[in-house]
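Structure data (mmCIF, N, CA and C atoms and all ligand atoms) from work_7.cif:
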data_query
loop_
_atom_site.label_atom_id
_atom_site.label_comp_id
_atom_site.auth_asym_id
_atom_site.auth_seq_id
_atom_site.Cartn_x
_atom_site.Cartn_y
_atom_site.Cartn_z
N MET M 201 -45.11 -30.72 -2.89
CA MET M 201 -44.67 -29.34 -2.71
C MET M 201 -43.42 -29.09 -3.52
N ILE M 202 -43.39 -27.92 -4.18
CA ILE M 202 -42.17 -27.50 -4.89
C ILE M 202 -41.74 -26.18 -4.28
N GLU M 203 -40.52 -26.13 -3.84
CA GLU M 203 -40.00 -24.92 -3.22
C GLU M 203 -38.50 -24.85 -3.49
N ASN M 204 -38.04 -23.67 -3.89
CA ASN M 204 -36.61 -23.47 -4.16
C ASN M 204 -36.08 -24.51 -5.16
N PHE M 205 -36.88 -24.75 -6.21
CA PHE M 205 -36.48 -25.65 -7.28
C PHE M 205 -36.18 -27.06 -6.77
N THR M 206 -36.96 -27.47 -5.79
CA THR M 206 -36.79 -28.80 -5.21
C THR M 206 -38.17 -29.40 -4.96
N PHE M 207 -38.30 -30.69 -5.28
CA PHE M 207 -39.52 -31.41 -4.92
C PHE M 207 -39.41 -31.88 -3.48
N SER M 208 -40.45 -31.63 -2.72
CA SER M 208 -40.42 -32.01 -1.31
C SER M 208 -41.75 -32.65 -0.90
N PRO M 209 -41.80 -33.91 -0.54
CA PRO M 209 -40.65 -34.81 -0.54
C PRO M 209 -40.31 -35.24 -1.98
N ALA M 210 -39.05 -35.53 -2.21
CA ALA M 210 -38.64 -35.98 -3.54
C ALA M 210 -39.14 -37.40 -3.80
N ASN M 211 -39.25 -38.18 -2.72
CA ASN M 211 -39.70 -39.56 -2.85
C ASN M 211 -41.01 -39.73 -2.10
N LEU M 212 -42.05 -40.02 -2.86
CA LEU M 212 -43.39 -40.11 -2.29
C LEU M 212 -43.97 -41.49 -2.60
N LYS M 213 -44.64 -42.06 -1.60
CA LYS M 213 -45.23 -43.38 -1.77
C LYS M 213 -46.75 -43.24 -1.70
N VAL M 214 -47.44 -43.75 -2.71
CA VAL M 214 -48.90 -43.62 -2.76
C VAL M 214 -49.52 -44.93 -3.25
N ARG M 215 -50.82 -45.03 -3.06
CA ARG M 215 -51.59 -46.16 -3.59
C ARG M 215 -51.89 -45.92 -5.07
N PRO M 216 -52.12 -47.01 -5.82
CA PRO M 216 -52.47 -46.85 -7.24
C PRO M 216 -53.68 -45.93 -7.42
N GLY M 217 -53.59 -45.05 -8.39
CA GLY M 217 -54.71 -44.18 -8.72
C GLY M 217 -54.95 -43.04 -7.76
N THR M 218 -54.05 -42.84 -6.82
CA THR M 218 -54.21 -41.74 -5.87
C THR M 218 -54.13 -40.40 -6.58
N LYS M 219 -54.98 -39.49 -6.15
CA LYS M 219 -54.91 -38.12 -6.65
C LYS M 219 -53.84 -37.38 -5.84
N VAL M 220 -52.81 -36.92 -6.51
CA VAL M 220 -51.69 -36.26 -5.84
C VAL M 220 -51.79 -34.75 -6.11
N THR M 221 -51.74 -33.98 -5.05
CA THR M 221 -51.80 -32.52 -5.17
C THR M 221 -50.39 -31.94 -5.15
N VAL M 222 -50.12 -31.05 -6.07
CA VAL M 222 -48.81 -30.42 -6.17
C VAL M 222 -48.97 -28.91 -5.97
N VAL M 223 -48.24 -28.38 -5.00
CA VAL M 223 -48.26 -26.94 -4.71
C VAL M 223 -46.92 -26.36 -5.13
N ASN M 224 -46.95 -25.39 -6.01
CA ASN M 224 -45.71 -24.73 -6.45
C ASN M 224 -45.52 -23.44 -5.67
N ARG M 225 -44.61 -23.44 -4.76
CA ARG M 225 -44.36 -22.26 -3.94
C ARG M 225 -43.32 -21.33 -4.54
N ASP M 226 -42.75 -21.73 -5.67
CA ASP M 226 -41.80 -20.85 -6.35
C ASP M 226 -42.56 -19.84 -7.20
N SER M 227 -41.83 -18.81 -7.66
CA SER M 227 -42.44 -17.88 -8.61
C SER M 227 -42.26 -18.41 -10.04
N ALA M 228 -41.28 -19.29 -10.23
CA ALA M 228 -41.05 -19.90 -11.54
C ALA M 228 -42.05 -21.04 -11.77
N ALA M 229 -42.31 -21.32 -13.04
CA ALA M 229 -43.16 -22.46 -13.39
C ALA M 229 -42.36 -23.76 -13.28
N HIS M 230 -43.05 -24.85 -12.97
CA HIS M 230 -42.44 -26.16 -12.91
C HIS M 230 -43.42 -27.19 -13.47
N THR M 231 -42.91 -28.39 -13.72
CA THR M 231 -43.79 -29.50 -14.08
C THR M 231 -43.44 -30.71 -13.22
N VAL M 232 -44.37 -31.63 -13.12
CA VAL M 232 -44.10 -32.96 -12.55
C VAL M 232 -44.39 -33.94 -13.67
N THR M 233 -43.33 -34.47 -14.25
CA THR M 233 -43.47 -35.27 -15.47
C THR M 233 -42.74 -36.60 -15.30
N ALA M 234 -43.46 -37.69 -15.47
CA ALA M 234 -42.84 -39.01 -15.36
C ALA M 234 -41.79 -39.16 -16.45
N THR M 235 -40.64 -39.70 -16.09
CA THR M 235 -39.54 -39.85 -17.03
C THR M 235 -39.90 -40.81 -18.15
N ARG M 236 -40.57 -41.90 -17.80
CA ARG M 236 -40.87 -42.96 -18.76
C ARG M 236 -42.27 -42.78 -19.32
N ASP M 237 -42.35 -42.49 -20.59
CA ASP M 237 -43.62 -42.44 -21.32
C ASP M 237 -44.60 -41.40 -20.77
N LYS M 238 -44.12 -40.49 -19.93
CA LYS M 238 -45.00 -39.45 -19.38
C LYS M 238 -46.30 -40.06 -18.84
N VAL M 239 -46.18 -41.13 -18.07
CA VAL M 239 -47.39 -41.77 -17.55
C VAL M 239 -48.17 -40.84 -16.63
N PHE M 240 -47.50 -39.84 -16.13
CA PHE M 240 -48.21 -38.70 -15.54
C PHE M 240 -47.44 -37.44 -15.90
N ASP M 241 -48.16 -36.35 -16.05
CA ASP M 241 -47.54 -35.09 -16.48
C ASP M 241 -48.48 -33.95 -16.12
N THR M 242 -48.04 -33.09 -15.24
CA THR M 242 -48.91 -31.98 -14.85
C THR M 242 -48.95 -30.89 -15.90
N GLY M 243 -47.99 -30.89 -16.85
CA GLY M 243 -47.83 -29.70 -17.67
C GLY M 243 -47.29 -28.58 -16.79
N ASN M 244 -47.23 -27.38 -17.33
CA ASN M 244 -46.65 -26.27 -16.57
C ASN M 244 -47.55 -25.89 -15.39
N ILE M 245 -46.93 -25.82 -14.23
CA ILE M 245 -47.60 -25.31 -13.04
C ILE M 245 -47.03 -23.93 -12.80
N THR M 246 -47.81 -22.91 -13.00
CA THR M 246 -47.28 -21.56 -12.87
C THR M 246 -46.95 -21.26 -11.41
N GLY M 247 -46.11 -20.26 -11.21
CA GLY M 247 -45.69 -19.90 -9.87
C GLY M 247 -46.89 -19.64 -8.97
N GLY M 248 -46.85 -20.22 -7.78
CA GLY M 248 -47.90 -20.02 -6.81
C GLY M 248 -49.15 -20.87 -7.02
N ALA M 249 -49.15 -21.66 -8.10
CA ALA M 249 -50.35 -22.44 -8.43
C ALA M 249 -50.32 -23.83 -7.80
N THR M 250 -51.50 -24.42 -7.74
CA THR M 250 -51.67 -25.78 -7.24
C THR M 250 -52.36 -26.59 -8.32
N THR M 251 -51.94 -27.83 -8.49
CA THR M 251 -52.60 -28.71 -9.45
C THR M 251 -52.62 -30.13 -8.90
N THR M 252 -53.28 -31.01 -9.61
CA THR M 252 -53.32 -32.40 -9.19
C THR M 252 -53.03 -33.29 -10.39
N PHE M 253 -52.55 -34.50 -10.08
CA PHE M 253 -52.44 -35.52 -11.12
C PHE M 253 -52.80 -36.85 -10.48
N THR M 254 -53.08 -37.83 -11.30
CA THR M 254 -53.47 -39.14 -10.80
C THR M 254 -52.30 -40.11 -10.92
N ALA M 255 -51.96 -40.76 -9.81
CA ALA M 255 -50.88 -41.74 -9.82
C ALA M 255 -51.25 -42.91 -10.73
N PRO M 256 -50.25 -43.55 -11.36
CA PRO M 256 -50.53 -44.69 -12.25
C PRO M 256 -51.25 -45.81 -11.51
N PRO M 257 -52.05 -46.60 -12.23
CA PRO M 257 -52.77 -47.72 -11.61
C PRO M 257 -51.87 -48.92 -11.32
N THR M 258 -50.70 -48.94 -11.94
CA THR M 258 -49.82 -50.11 -11.82
C THR M 258 -48.71 -49.84 -10.80
N PRO M 259 -48.58 -50.72 -9.78
CA PRO M 259 -47.52 -50.54 -8.80
C PRO M 259 -46.15 -50.51 -9.47
N GLY M 260 -45.25 -49.74 -8.90
CA GLY M 260 -43.90 -49.64 -9.43
C GLY M 260 -43.25 -48.37 -8.94
N SER M 261 -42.04 -48.16 -9.40
CA SER M 261 -41.27 -46.99 -9.04
C SER M 261 -41.18 -46.09 -10.27
N TYR M 262 -41.71 -44.91 -10.16
CA TYR M 262 -41.79 -44.00 -11.31
C TYR M 262 -40.92 -42.78 -11.03
N SER M 263 -39.82 -42.65 -11.75
CA SER M 263 -39.02 -41.45 -11.61
C SER M 263 -39.70 -40.32 -12.38
N TYR M 264 -39.51 -39.12 -11.89
CA TYR M 264 -40.10 -37.96 -12.56
C TYR M 264 -39.12 -36.79 -12.49
N LEU M 265 -39.38 -35.80 -13.30
CA LEU M 265 -38.55 -34.60 -13.30
C LEU M 265 -39.41 -33.40 -13.67
N CYS M 266 -38.78 -32.25 -13.59
CA CYS M 266 -39.38 -31.02 -14.11
C CYS M 266 -38.80 -30.81 -15.50
N THR M 267 -39.64 -30.79 -16.51
CA THR M 267 -39.12 -30.68 -17.88
C THR M 267 -38.47 -29.32 -18.12
N LEU M 268 -38.82 -28.32 -17.32
CA LEU M 268 -38.24 -26.99 -17.48
C LEU M 268 -36.88 -26.89 -16.79
N HIS M 269 -36.68 -27.72 -15.79
CA HIS M 269 -35.42 -27.73 -15.01
C HIS M 269 -35.08 -29.20 -14.76
N PRO M 270 -34.49 -29.88 -15.74
CA PRO M 270 -34.32 -31.34 -15.66
C PRO M 270 -33.44 -31.83 -14.52
N ASN M 271 -32.79 -30.89 -13.83
CA ASN M 271 -32.03 -31.29 -12.64
C ASN M 271 -32.94 -31.51 -11.44
N MET M 272 -34.19 -31.10 -11.56
CA MET M 272 -35.17 -31.33 -10.49
C MET M 272 -35.74 -32.73 -10.69
N LYS M 273 -35.48 -33.62 -9.73
CA LYS M 273 -35.88 -35.02 -9.90
C LYS M 273 -36.53 -35.56 -8.64
N GLY M 274 -37.32 -36.60 -8.82
CA GLY M 274 -37.92 -37.29 -7.69
C GLY M 274 -38.42 -38.65 -8.13
N THR M 275 -38.97 -39.38 -7.18
CA THR M 275 -39.51 -40.71 -7.47
C THR M 275 -40.88 -40.85 -6.81
N LEU M 276 -41.82 -41.33 -7.58
CA LEU M 276 -43.14 -41.67 -7.05
C LEU M 276 -43.22 -43.19 -6.99
N THR M 277 -43.41 -43.71 -5.80
CA THR M 277 -43.55 -45.15 -5.64
C THR M 277 -45.02 -45.48 -5.47
N VAL M 278 -45.53 -46.33 -6.36
CA VAL M 278 -46.92 -46.76 -6.30
C VAL M 278 -46.92 -48.18 -5.75
N THR M 279 -47.61 -48.36 -4.64
CA THR M 279 -47.55 -49.65 -3.97
C THR M 279 -48.88 -50.02 -3.33
CU CU M 301 -38.91 -26.65 -12.68
#
Could you take the file, read its structure, and then write that structure out as structure tokens?
Ligand SMILES: [Cu+2]
Amino acid sequence: MIENFTFSPANLKVRPGTKVTVVNRDSAAHTVTATRDKVFDTGNITGGATTTFTAPPTPGSYSYLCTLHPNMKGTLTVT
């Protein structure tokens, strides 16, 4: 969930290869983009839109941000 320019929860734990659904409740566009090598990247999620991405197959801690608002940050833990 993205609301008020914040990822909620900012820290999410999932199994490898999980399909993660992202709901953008803001009117502004956002992205969910892995910091390292863009191992996942939703591209622009327009305001009010929902999209999905697939978590990496390799366990680890993946930081991500919104490329449009780089102060928006979170971590996806694959375990
Ligand atoms: Cu954003």
| said: ligand CU 301 (chain M): which residues are within 8 Å, counting all atoms listed in the file? Reply as number ranges by chain. | reply: M: 205-206, 228-232, 265-272
| field | Non-local contacts of Val222 of chain M (5 Å; all atoms listed in the file; under 3 positions in same chain excluded) as an MDAnalysis selection string | value | chainID M and resid 201 250:252
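Taking atom CA of Ile245 of chain M as the reference point, atom CA of Gly274 of chain M is found at 16.3 Å.
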| task | Pull the strand (DSSP E or B) assignments for chain M out of DSSP run on the backbone, and list those residues as a VMD selection string. | result | chain M and resid 202 to 203 206 to 207 211 to 214 219 to 224 230 233 to 234 241 245 250 to 254 260 to 266 269 to 278
| task | Find, counting only C-alpha atoms, the residue in M:Asn224, M:Asn211, M:Thr242, M:Asn204 that gets nearest to Thr254 of chain M. | result |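 Among M:Asn224, M:Asn211, M:Thr242, M:Asn204, it is M:Thr242 that comes nearest to Thr254 of chain M.
Coordinates place atom CA of Thr258 of chain M at a distance of 10.4 Å from atom CA of Val239 of chain M.
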| request: Find the residue from M:Asn244, M:Leu212, M:Ser227, M:Ala249 that sits nearest to Leu276 of chain M; use all atoms listed in the file when measuring. | output: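 Closest candidate: M:Leu212.
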| Atom-to-atom span, atom N of Val278 of chain M and atom N of Pro216 of chain M, Å |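 Separation of atom N of Val278 of chain M and atom N of Pro216 of chain M: 6.6 Å.
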| Shortest interatomic distance to Thr235 of chain M - which of M:Phe253, M:Thr279, M:Ser263, M:Glu203, counting all atoms listed in the file | M:Ser263
| query | Which is closer to Asp226 of chain M than all the others in M:Gly260, M:Ile202, M:Ala255, M:Thr275, using only N, CA and C atoms? | reply | M:Ile202
| message | Given only C-alpha atoms as the basis, pick out the residue of M:Pro257, M:Arg225, M:Ala210, M:Tyr262 nearest to Asp237 of chain M. | response | M:Tyr262
Close residues, Thr233 of chain M itself excluded, 6 Å, only C-alpha atoms, min 3 positions apart in chain, as an mmCIF file with N, CA and C atoms, keeping the file's coordinate frame:
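Generated file (part-v4.cif):
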data_model
loop_
_atom_site.group_PDB
_atom_site.id
_atom_site.type_symbol
_atom_site.label_atom_id
_atom_site.label_comp_id
_atom_site.auth_asym_id
_atom_site.auth_seq_id
_atom_site.Cartn_x
_atom_site.Cartn_y
_atom_site.Cartn_z
ATOM 1 N N LYS M 238 -44.120 -40.490 -19.930
ATOM 2 C CA LYS M 238 -45.000 -39.450 -19.380
ATOM 3 C C LYS M 238 -46.300 -40.060 -18.840
ATOM 4 N N PHE M 240 -47.500 -39.840 -16.130
ATOM 5 C CA PHE M 240 -48.210 -38.700 -15.540
ATOM 6 C C PHE M 240 -47.440 -37.440 -15.900
ATOM 7 N N ASP M 241 -48.160 -36.350 -16.050
ATOM 8 C CA ASP M 241 -47.540 -35.090 -16.480
ATOM 9 C C ASP M 241 -48.480 -33.950 -16.120
ATOM 10 N N TYR M 264 -39.510 -39.120 -11.890
ATOM 11 C CA TYR M 264 -40.100 -37.960 -12.560
ATOM 12 C C TYR M 264 -39.120 -36.790 -12.490
ATOM 13 N N LEU M 265 -39.380 -35.800 -13.300
ATOM 14 C CA LEU M 265 -38.550 -34.600 -13.300
ATOM 15 C C LEU M 265 -39.410 -33.400 -13.670
#
| query | Quick one: of M:Thr277, M:Ser208, M:Thr246, M:Thr221, who's nearest to Pro259 of chain M, counting all atoms listed in the file? | reply |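 Of M:Thr277, M:Ser208, M:Thr246, M:Thr221, the one nearest Pro259 of chain M, counting all atoms listed in the file, is M:Thr277.
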